[in-house]
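Notes follow the structure.
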Amino acid sequence: MGIRVRDRNMLENRTRTISWIVGAMIIVMLSRLWYLQVIKGRYYMERAEQNRLAKVYLTAPRGEILDRKGVVLATNRTAYSISIVPKDVKDKEAVLDLLARLTGMKREELAAKYAEHTKGRFSQPYRPLKLVADADPKILAAIAERRYELEGVTIDEEPYRTYPLGSVAGNLIGYMGQVNVDELRQLGNQGYRAMSQIGKAGVERGMEEYLHGTDGFNRIEVNSSASPVSTLAAIDPVPGNSVVLTIDAGLQQEAEKLLKEGIAAVRAAGKYTKVKSGSLVAMDPRNGEVLAMASYPDYDPSVFIPSVSEKDWNKLNSSPSSLFNRAISGAYPPGSTFKAIVTAAALEAGVVDPNEKVLCSPSVADKYYGMRCMSWASGTSHGYVDMYTAIATSCNIYFYEMGRRLTVDKLAETARAFGLGAKTGFELAAIENAGKVPSSADKKFMPGEKLSYTIGQMVTVTPLQMARAYSAVATRGILCVPTILKEVVGPDGVRIETGAKAEPDRVTLSSSTWDVISKGMRMTVTKGTAARAFAGFPIPTSGKTGTAQAPPNDSHAWFACWAPSDDPEIVVVVMLENGGGGGASSAPIARDLLEYYFKVGEYAVPEVLPEEMPEGL
Amino acid sequence: MKDYRQRAYDMSIFVPALLLLGAGLVMVFSASQMQALADYGDMFYYIKKQILWVILGIGTMYLCMRLRLENAKKLAIPVFLASLAALAAVLVIGKSVGGAKRWINLGIGTLQPSEFAKPALIYLLAWYYDYIGEQGKTDFVYAVLVPMVLTASAMGLVFLEPDFSTAGLFLVLGLTVVFTNTKHKAVLTMIGVPVVIGGFIWAVREPYRWRRITGFLNPWSDARSSGYQIVQTLYALGSGGIKGLGLGLSRQKMYYIPEQHTDFIFAVVGEELGLMGTLGFGVLYLIIAIRGLRLANLAEDTFSSTLAYGLSMWIALQAFINMGVVANLLPVTGMTLPLVSAGGSSMIPTMAAIGLLLNISRGTQQGR
């Protein structure tokens, strides 16, 4: 038993005092509640019923999306919606009749929506029901004219997203949609409401934090006909910031046009009829700024405003998907464009002298596990080739020989040094594919697979990664982080942030290695696999074709290049899914884009074109 | 000697607490569903969280019921120091809301350290009086000065957040515990009067502070801006009348009442359940308070007795303050309605207090 250390008398004395205090509190509270709820109950009830305060949210205008020269890619316009507030409707039948007539909606449909909104004990008759979003001005005028017969019907302003250039950069810009439950759970305390719009894809999504403003609201007092009488409190919306992209809208538009036409041309040629999709990346190799990024098929983000129809949605999602940004989300085997990396690996490892000649002939097939050079298919072979010619003609046997002399890990290490196999640090990281660069730790390589590695069949890369790797080749080692964000500008026009990136990484190779790669890639364009496409082209260009096998379908056609060869300003990578040979299908698209970029105009194309290279190089 | 104590928990504390919890859940759902739908597109958003808090609260209560107080009282110092650390931490890493740092963001949710410090202070003082009682030290310094310094340490940190009303609550709780443990009655006037005068001078020196404190006296003078919330709250409470509008039928809860499922939930109770509801809630708190005081008298050692005083008075006082704010008897304070308001920072410490009261009741002679 515990010890009684307390003074009983004192305790009871204290308890008595506290009881008095508690008693006094009870009396005060009881009389206060009685006064408020019983005596003044009816008064407050009436006041509450006349309560015509409403909280009206003011949606913050979203920031604009601009190209590098200030061309508007996405902005806002004011739209008007028609809503009905059941609490304020006096004669429901008459109002619905008239509304049906004026808006052209079906009477039953209106009544059903109305009934759905007002049924049940938890309904909110003071919450507006939106009937027509983005209403036609004619309908608005008709409603405004007869507003006295339409008590309870309101016309509200809403900012709507609009894309002045339509589908230009559509896939890159992305689209908007109503915030969903999961997003709200994450963002609910950041000013999003159930009706808020949020970027769902592309730049709209990736740069949501800049673009999204802060909604405001008005607390207004309204009179018996629901017209605002006075504003009690207002918090103004804060518009979102605008983002200036590194994209050049003109180049982007040209890239999309060329990609679309190029795909159509390949299909029309009749050999590769399954080609339906592709992508193109143009980037400044000196600073990583992406100048154009196209993915075909693409779409006009306007179809999502105010909301996407089921038909459009199904169409966008049908194969090949329009919503998929192939330039960053698609990872494909790079085919022979990977040979730039193999060249670097072989020279740096010192396993070959660039002038050493390797025999390409069907007679040596056994040495390479029966694997073949593409040239053999047309009954020819490359004969004895040195490294320059091997790059220019994309001789597989030469690179198989390099594969025999190198380890898989050396190849993987070099590929990773060029930024392959990892996300690039591009702003739209959420949808970026890292690709795959396996090494001996990931899988056991059969001897034939090791040789396949050298012709780009064992790794996968995104077109953006390839553009980055070729930027490093073009600049002899500057490995920039690709970027699309030039700067962020506040609603008042003041720059808030620049897209400046940290110091670029460097790919460190000996200067002689760079010389060999540069010379080989220049030869590709002058007398190699891309010579036909670039015949007569006045700007010195260097590059590499690629034809990545994708059995059972046709090969993917790659072309990666830069220009001018000695003072690179732009890197262009074109990739056509199942488009056949890189030199024939993709290189002309890149050439046409360079024509646009350098404003080349007419130039003399030799009458006799270099002969077409064997398929698959 | 035969042990004639009935080894039973006091059902008159347990049942009212459970009734408040249950009714609280119903009211939180009723009050929050519209807001949840508007903010999160899910009318169950807040109630789901609250159910989780109630479950955790019941777990906490059970733990505190089963503690062996004889051993657990040694925890008083570490628990109190942890509370002080949390109060200090909130000043540094706290989330700033409207200029005040009262919450720590834990990533999964936010925590209000001052809520946890309330029972921790009472627990510490109970241990302290028990300790000096055993040592036979009952002079002024030990019985009054030291406890007030301890109280001031917690109060001061809360004051810095700044959260003046909660700091005031700490003072009142500290004074209550001192009052029930010392014969130096005059001391209360000695401490109380300067504090009241000092507080008054401090309040009057800043006109805005004075306006906020007196604003509640006539909300209609300013009904369009700051008085707006109070007026809307009175509309809600008043329009409930005697029987209320019916469960779920509050009209004021959407848009009009601020923080309708946390600090102002009592207004929704008043509107939906009327005077019968508000009195019902009041009576349940009153029962807990009365049984707590009775427990303090019956308890056989200083620790249990002081703890019973402090905890039951804390719950009763906080309930009174919350109701008083809603009924416009007091200026707006931001204090929750114990066991009812949504939120874990309020729920867990209160449930711990209920568990401790039940624990004490079990070790006490229950016969009349």
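We name chains A, B, ... following the order of the structure tokens; residues begin at 1 in each chain, and ligands are numbered from 1 as shown.
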Which residues are close to segment 360-362 of chain A, i.e. within 12 Å by only C-alpha atoms, leaving aside same-chain residues fewer than 2 positions away? Reply as a PyMOL selection string. chain A and resi 357-358+364-386+389-390+393-401
Output file for the residues above (N, CA and C atoms, as a CSV table (one decimal), in the first residue's frame):
chain,number,residue,atom,x,y,z
A,357,LYS,N,45.2,-2.8,-91.6
A,357,LYS,CA,44.1,-3.2,-92.4
A,357,LYS,C,43.6,-4.6,-92.0
A,358,VAL,N,42.3,-4.7,-92.0
A,358,VAL,CA,41.6,-5.9,-91.6
A,358,VAL,C,40.8,-6.4,-92.9
A,364,VAL,N,36.4,-15.0,-94.4
A,364,VAL,CA,36.8,-14.9,-93.0
A,364,VAL,C,35.6,-15.1,-92.0
A,365,ALA,N,34.4,-15.4,-92.6
A,365,ALA,CA,33.2,-15.5,-91.7
A,365,ALA,C,33.4,-16.4,-90.6
A,366,ASP,N,34.1,-17.6,-90.8
A,366,ASP,CA,34.3,-18.5,-89.7
A,366,ASP,C,35.0,-18.0,-88.5
A,367,LYS,N,35.9,-17.1,-88.8
A,367,LYS,CA,36.7,-16.5,-87.7
A,367,LYS,C,35.7,-15.7,-86.7
A,368,TYR,N,34.6,-15.2,-87.3
A,368,TYR,CA,33.7,-14.4,-86.5
A,368,TYR,C,32.4,-15.1,-86.3
A,369,TYR,N,32.5,-16.4,-86.0
A,369,TYR,CA,31.4,-17.2,-85.6
A,369,TYR,C,30.3,-17.2,-86.7
A,370,GLY,N,30.7,-17.0,-87.9
A,370,GLY,CA,29.7,-17.0,-89.0
A,370,GLY,C,28.9,-15.7,-89.2
A,371,MET,N,29.3,-14.7,-88.4
A,371,MET,CA,28.6,-13.4,-88.5
A,371,MET,C,29.1,-12.7,-89.7
A,372,ARG,N,28.3,-11.9,-90.3
A,372,ARG,CA,28.6,-11.4,-91.7
A,372,ARG,C,28.7,-9.9,-91.7
A,373,CYS,N,29.3,-9.4,-92.8
A,373,CYS,CA,29.2,-7.9,-93.0
A,373,CYS,C,28.1,-7.7,-94.0
A,374,MET,N,27.4,-6.6,-93.7
A,374,MET,CA,26.2,-6.3,-94.6
A,374,MET,C,26.5,-6.2,-96.0
A,375,SER,N,27.8,-5.8,-96.3
A,375,SER,CA,28.1,-5.6,-97.7
A,375,SER,C,28.0,-6.9,-98.5
A,376,TRP,N,28.2,-8.0,-97.8
A,376,TRP,CA,28.2,-9.3,-98.6
A,376,TRP,C,26.9,-9.6,-99.2
A,377,ALA,N,25.8,-9.1,-98.7
A,377,ALA,CA,24.5,-9.4,-99.2
A,377,ALA,C,24.4,-9.0,-100.6
A,378,SER,N,25.1,-7.9,-101.0
A,378,SER,CA,24.9,-7.4,-102.4
A,378,SER,C,26.0,-8.0,-103.3
A,379,GLY,N,26.7,-9.1,-102.8
A,379,GLY,CA,27.7,-9.7,-103.6
A,379,GLY,C,29.0,-9.1,-103.6
A,380,THR,N,29.2,-8.0,-102.8
A,380,THR,CA,30.6,-7.4,-102.7
A,380,THR,C,31.2,-7.6,-101.4
A,381,SER,N,32.3,-7.1,-101.1
A,381,SER,CA,32.9,-7.0,-99.8
A,381,SER,C,33.8,-5.9,-99.7
A,382,HIS,N,34.2,-5.5,-98.5
A,382,HIS,CA,35.0,-4.3,-98.4
A,382,HIS,C,36.5,-4.5,-98.6
A,383,GLY,N,36.9,-5.8,-98.6
A,383,GLY,CA,38.3,-6.1,-98.8
A,383,GLY,C,39.1,-5.7,-97.6
A,384,TYR,N,40.4,-5.3,-97.9
A,384,TYR,CA,41.2,-4.8,-96.8
A,384,TYR,C,40.9,-3.4,-96.4
A,385,VAL,N,40.4,-3.2,-95.1
A,385,VAL,CA,40.0,-1.8,-94.7
A,385,VAL,C,40.8,-1.4,-93.5
A,386,ASP,N,41.2,-0.1,-93.5
A,386,ASP,CA,41.8,0.5,-92.3
A,386,ASP,C,40.6,1.1,-91.5
A,389,THR,N,38.3,3.9,-93.2
A,389,THR,CA,37.4,3.3,-94.2
A,389,THR,C,36.3,2.5,-93.5
A,390,ALA,N,36.7,1.8,-92.4
A,390,ALA,CA,35.8,0.9,-91.7
A,390,ALA,C,34.7,1.8,-91.1
A,393,THR,N,32.6,3.2,-94.2
A,393,THR,CA,31.7,2.2,-94.9
A,393,THR,C,31.0,1.3,-93.9
A,394,SER,N,31.2,1.6,-92.7
A,394,SER,CA,30.5,0.9,-91.6
A,394,SER,C,30.7,-0.6,-91.7
A,395,CYS,N,32.0,-1.0,-91.9
A,395,CYS,CA,32.3,-2.4,-92.1
A,395,CYS,C,32.2,-3.2,-90.8
A,396,ASN,N,31.3,-4.1,-90.8
A,396,ASN,CA,31.0,-4.9,-89.5
A,396,ASN,C,32.2,-5.8,-89.2
A,397,ILE,N,32.8,-6.4,-90.2
A,397,ILE,CA,33.9,-7.3,-89.9
A,397,ILE,C,35.0,-6.6,-89.2
A,398,TYR,N,35.4,-5.4,-89.6
A,398,TYR,CA,36.4,-4.7,-88.9
A,398,TYR,C,36.1,-4.5,-87.4
A,399,PHE,N,34.9,-4.2,-87.2
A,399,PHE,CA,34.5,-3.9,-85.8
A,399,PHE,C,34.3,-5.2,-85.0
A,400,TYR,N,34.0,-6.3,-85.7
A,400,TYR,CA,34.0,-7.6,-85.0
A,400,TYR,C,35.4,-7.9,-84.5
A,401,GLU,N,36.4,-7.6,-85.4
A,401,GLU,CA,37.8,-7.8,-85.1
A,401,GLU,C,38.2,-7.0,-83.8
Quick one: which chain B residues come within 7 Å of chain A, and what is the nearest atom pair for each with the distance in Å to one decimal, counting only C-alpha atoms, rows ordered by chain and ascending number, as JSON lines?
{"residue": "B:Ala38", "atom": "CA", "partner": "A:Ala194", "partner_atom": "CA", "distance": 5.3}
{"residue": "B:Asp39", "atom": "CA", "partner": "A:Arg193", "partner_atom": "CA", "distance": 4.6}
{"residue": "B:Tyr40", "atom": "CA", "partner": "A:Leu184", "partner_atom": "CA", "distance": 5.3}
{"residue": "B:Gly41", "atom": "CA", "partner": "A:Ala194", "partner_atom": "CA", "distance": 5.1}
{"residue": "B:Gly133", "atom": "CA", "partner": "A:Val5", "partner_atom": "CA", "distance": 6.8}
{"residue": "B:Thr180", "atom": "CA", "partner": "A:Arg14", "partner_atom": "CA", "distance": 5.7}
{"residue": "B:Arg224", "atom": "CA", "partner": "A:Leu232", "partner_atom": "CA", "distance": 5.5}
{"residue": "B:Ser225", "atom": "CA", "partner": "A:Leu232", "partner_atom": "CA", "distance": 6.4}
{"residue": "B:Tyr235", "atom": "CA", "partner": "A:Tyr44", "partner_atom": "CA", "distance": 5.0}
{"residue": "B:Leu237", "atom": "CA", "partner": "A:Gln37", "partner_atom": "CA", "distance": 6.5}
{"residue": "B:Gly238", "atom": "CA", "partner": "A:Gln37", "partner_atom": "CA", "distance": 4.4}
{"residue": "B:Ser239", "atom": "CA", "partner": "A:Met45", "partner_atom": "CA", "distance": 3.9}
{"residue": "B:Gly240", "atom": "CA", "partner": "A:Gln37", "partner_atom": "CA", "distance": 6.4}
{"residue": "B:Gly241", "atom": "CA", "partner": "A:Gln37", "partner_atom": "CA", "distance": 4.5}
{"residue": "B:Ile242", "atom": "CA", "partner": "A:Val38", "partner_atom": "CA", "distance": 6.0}
{"residue": "B:Tyr255", "atom": "CA", "partner": "A:Lys55", "partner_atom": "CA", "distance": 6.3}
{"residue": "B:Leu275", "atom": "CA", "partner": "A:Gln37", "partner_atom": "CA", "distance": 6.1}
{"residue": "B:Leu293", "atom": "CA", "partner": "A:Thr15", "partner_atom": "CA", "distance": 6.8}
{"residue": "B:Asn297", "atom": "CA", "partner": "A:Leu11", "partner_atom": "CA", "distance": 6.5}
{"residue": "B:Glu300", "atom": "CA", "partner": "A:Arg4", "partner_atom": "CA", "distance": 5.5}
{"residue": "B:Asp301", "atom": "CA", "partner": "A:Arg4", "partner_atom": "CA", "distance": 5.5}
{"residue": "B:Thr302", "atom": "CA", "partner": "A:Arg6", "partner_atom": "CA", "distance": 6.2}
Those same residues - C-alpha atoms - I'd like them written as a compact mmCIF listing (two decimals), in the first residue's frame.
# COMPACT_ATOMS: atom_id res chain seq x y z
CA ALA B 38 -13.13 19.95 -52.53
CA ASP B 39 -9.47 19.70 -51.56
CA TYR B 40 -8.65 16.09 -52.25
CA GLY B 41 -11.52 14.72 -54.34
CA GLY B 133 7.30 14.96 -0.11
CA THR B 180 -3.12 21.63 -4.92
CA ARG B 224 -16.72 41.79 -42.67
CA SER B 225 -13.14 40.92 -42.00
CA TYR B 235 -24.65 31.61 -36.83
CA LEU B 237 -24.06 27.42 -33.07
CA GLY B 238 -27.20 29.49 -32.77
CA SER B 239 -29.10 28.13 -35.69
CA GLY B 240 -28.88 24.65 -34.20
CA GLY B 241 -31.50 25.68 -31.63
CA ILE B 242 -32.49 23.03 -29.11
CA TYR B 255 -17.02 27.87 -46.61
CA LEU B 275 -28.29 22.45 -27.42
CA LEU B 293 -11.02 15.33 -8.91
CA ASN B 297 -8.77 12.82 -3.38
CA GLU B 300 -2.97 7.17 -1.91
CA ASP B 301 0.23 8.84 -2.90
CA THR B 302 1.24 12.31 -3.93
Non-local contacts of Ala346 of chain A (7 Å; only C-alpha atoms; under 4 positions in same chain excluded) as a PyMOL selection string: chain A and resi 342+350-352+402+406
Could you take the residues named above and write them with C-alpha atoms, as a PDB file, in the first residue's frame?
ATOM      1  CA  VAL A 342      33.966   1.133 -80.212  1.00  0.00           C
ATOM      2  CA  GLY A 350      45.803   0.430 -77.824  1.00  0.00           C
ATOM      3  CA  VAL A 351      44.630  -2.792 -79.467  1.00  0.00           C
ATOM      4  CA  VAL A 352      44.827  -1.434 -82.985  1.00  0.00           C
ATOM      5  CA  MET A 402      37.887  -4.934 -82.573  1.00  0.00           C
ATOM      6  CA  LEU A 406      38.474  -5.860 -76.564  1.00  0.00           C
TER       7      LEU A 406
END
Skipping near chain neighbours, those fewer than 3 positions away, what residues fall within 10 Å of Ala143 of chain B using only C-alpha atoms, listed as a list in words?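 Counting only the stated atoms, we get Tyr128, Tyr129, Ile132, Gly133, Lys137, Thr138, Asp139, Phe140, Val146, Pro147, Met148, Val178, Phe179, Asn181, Thr182, Lys183 and His184 of chain B.
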One-decimal distance in Å that lies between atom CA of Met34 of chain B and atom CA of Met335 of chain B: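 A separation of 22.7 Å between them.
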Please list as a tab-separated table (two decimals) with C-alpha atoms, in the first residue's frame every residue within 7 Å of segment 205-208 of chain A, counting only C-alpha atoms and excluding residues in the same chain fewer than 6 positions away.
chain	number	residue	atom	x	y	z
A	199	GLY	CA	0.40	19.40	-66.32
A	427	GLU	CA	14.70	18.32	-67.21
A	428	LEU	CA	11.96	15.84	-68.13
Let's see if you can do this: from backbone DSSP, list all strand (DSSP E or B) residues in segment 477-541 of chain A, as a list in words. Ile478, Leu479, Thr483, Leu485, Lys486, Glu487, Val488, Val489, Arg495, Ile496, Glu497, Thr498, Asp505 and Arg506 of chain A
Excluding segment 282-284 of chain B and residues on its chain fewer than 2 positions from it, collect all residues at most 8 Å away from it, counting only C-alpha atoms, and give them as a ChimeraX atom specification. /B:16-17,19-20,278-280,286-288
Could you take the residues named above and write them with N, CA and C atoms, as a short mmCIF file (atom, residue, chain, number, x, y, z; two decimals), in the first residue's frame?
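selection-v7.cif, written as the output of this step:
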data_model
loop_
_atom_site.label_atom_id
_atom_site.label_comp_id
_atom_site.auth_asym_id
_atom_site.auth_seq_id
_atom_site.Cartn_x
_atom_site.Cartn_y
_atom_site.Cartn_z
N PRO B 16 -17.26 7.84 -20.68
CA PRO B 16 -17.37 9.17 -21.31
C PRO B 16 -16.27 9.42 -22.35
N ALA B 17 -15.06 8.94 -22.06
CA ALA B 17 -13.97 9.15 -23.03
C ALA B 17 -14.29 8.44 -24.34
N LEU B 19 -17.25 7.60 -25.45
CA LEU B 19 -18.37 8.27 -26.11
C LEU B 19 -17.88 9.51 -26.86
N LEU B 20 -16.96 10.26 -26.22
CA LEU B 20 -16.44 11.44 -26.91
C LEU B 20 -15.67 11.06 -28.16
N THR B 278 -24.57 20.04 -27.67
CA THR B 278 -23.50 20.79 -26.98
C THR B 278 -23.49 20.45 -25.49
N LEU B 279 -24.69 20.35 -24.90
CA LEU B 279 -24.73 20.00 -23.48
C LEU B 279 -24.23 18.58 -23.28
N GLY B 280 -24.59 17.69 -24.19
CA GLY B 280 -24.13 16.30 -24.09
C GLY B 280 -22.62 16.23 -24.06
N LEU B 286 -17.50 17.12 -18.18
CA LEU B 286 -17.72 17.40 -16.76
C LEU B 286 -17.55 16.12 -15.95
N ILE B 287 -18.10 15.01 -16.47
CA ILE B 287 -17.98 13.74 -15.75
C ILE B 287 -16.50 13.37 -15.59
N ILE B 288 -15.74 13.53 -16.68
CA ILE B 288 -14.31 13.21 -16.60
C ILE B 288 -13.64 14.10 -15.55
#
As an MDAnalysis selection string, please: the residues near Ser32 of chain B (cut-off 12 Å, only C-alpha atoms, same-chain neighbours under 2 positions excluded). (chainID A and resid 122) or (chainID B and resid 24:30 34:40 42:50 248 250 252:255 257:262 264:265 268 341:342)
I need the residue nearest Gln197 of chain A from this list: A:Ile84, A:Leu211, A:Ala349, A:Val437. Use only C-alpha atoms for the distance. A:Leu211
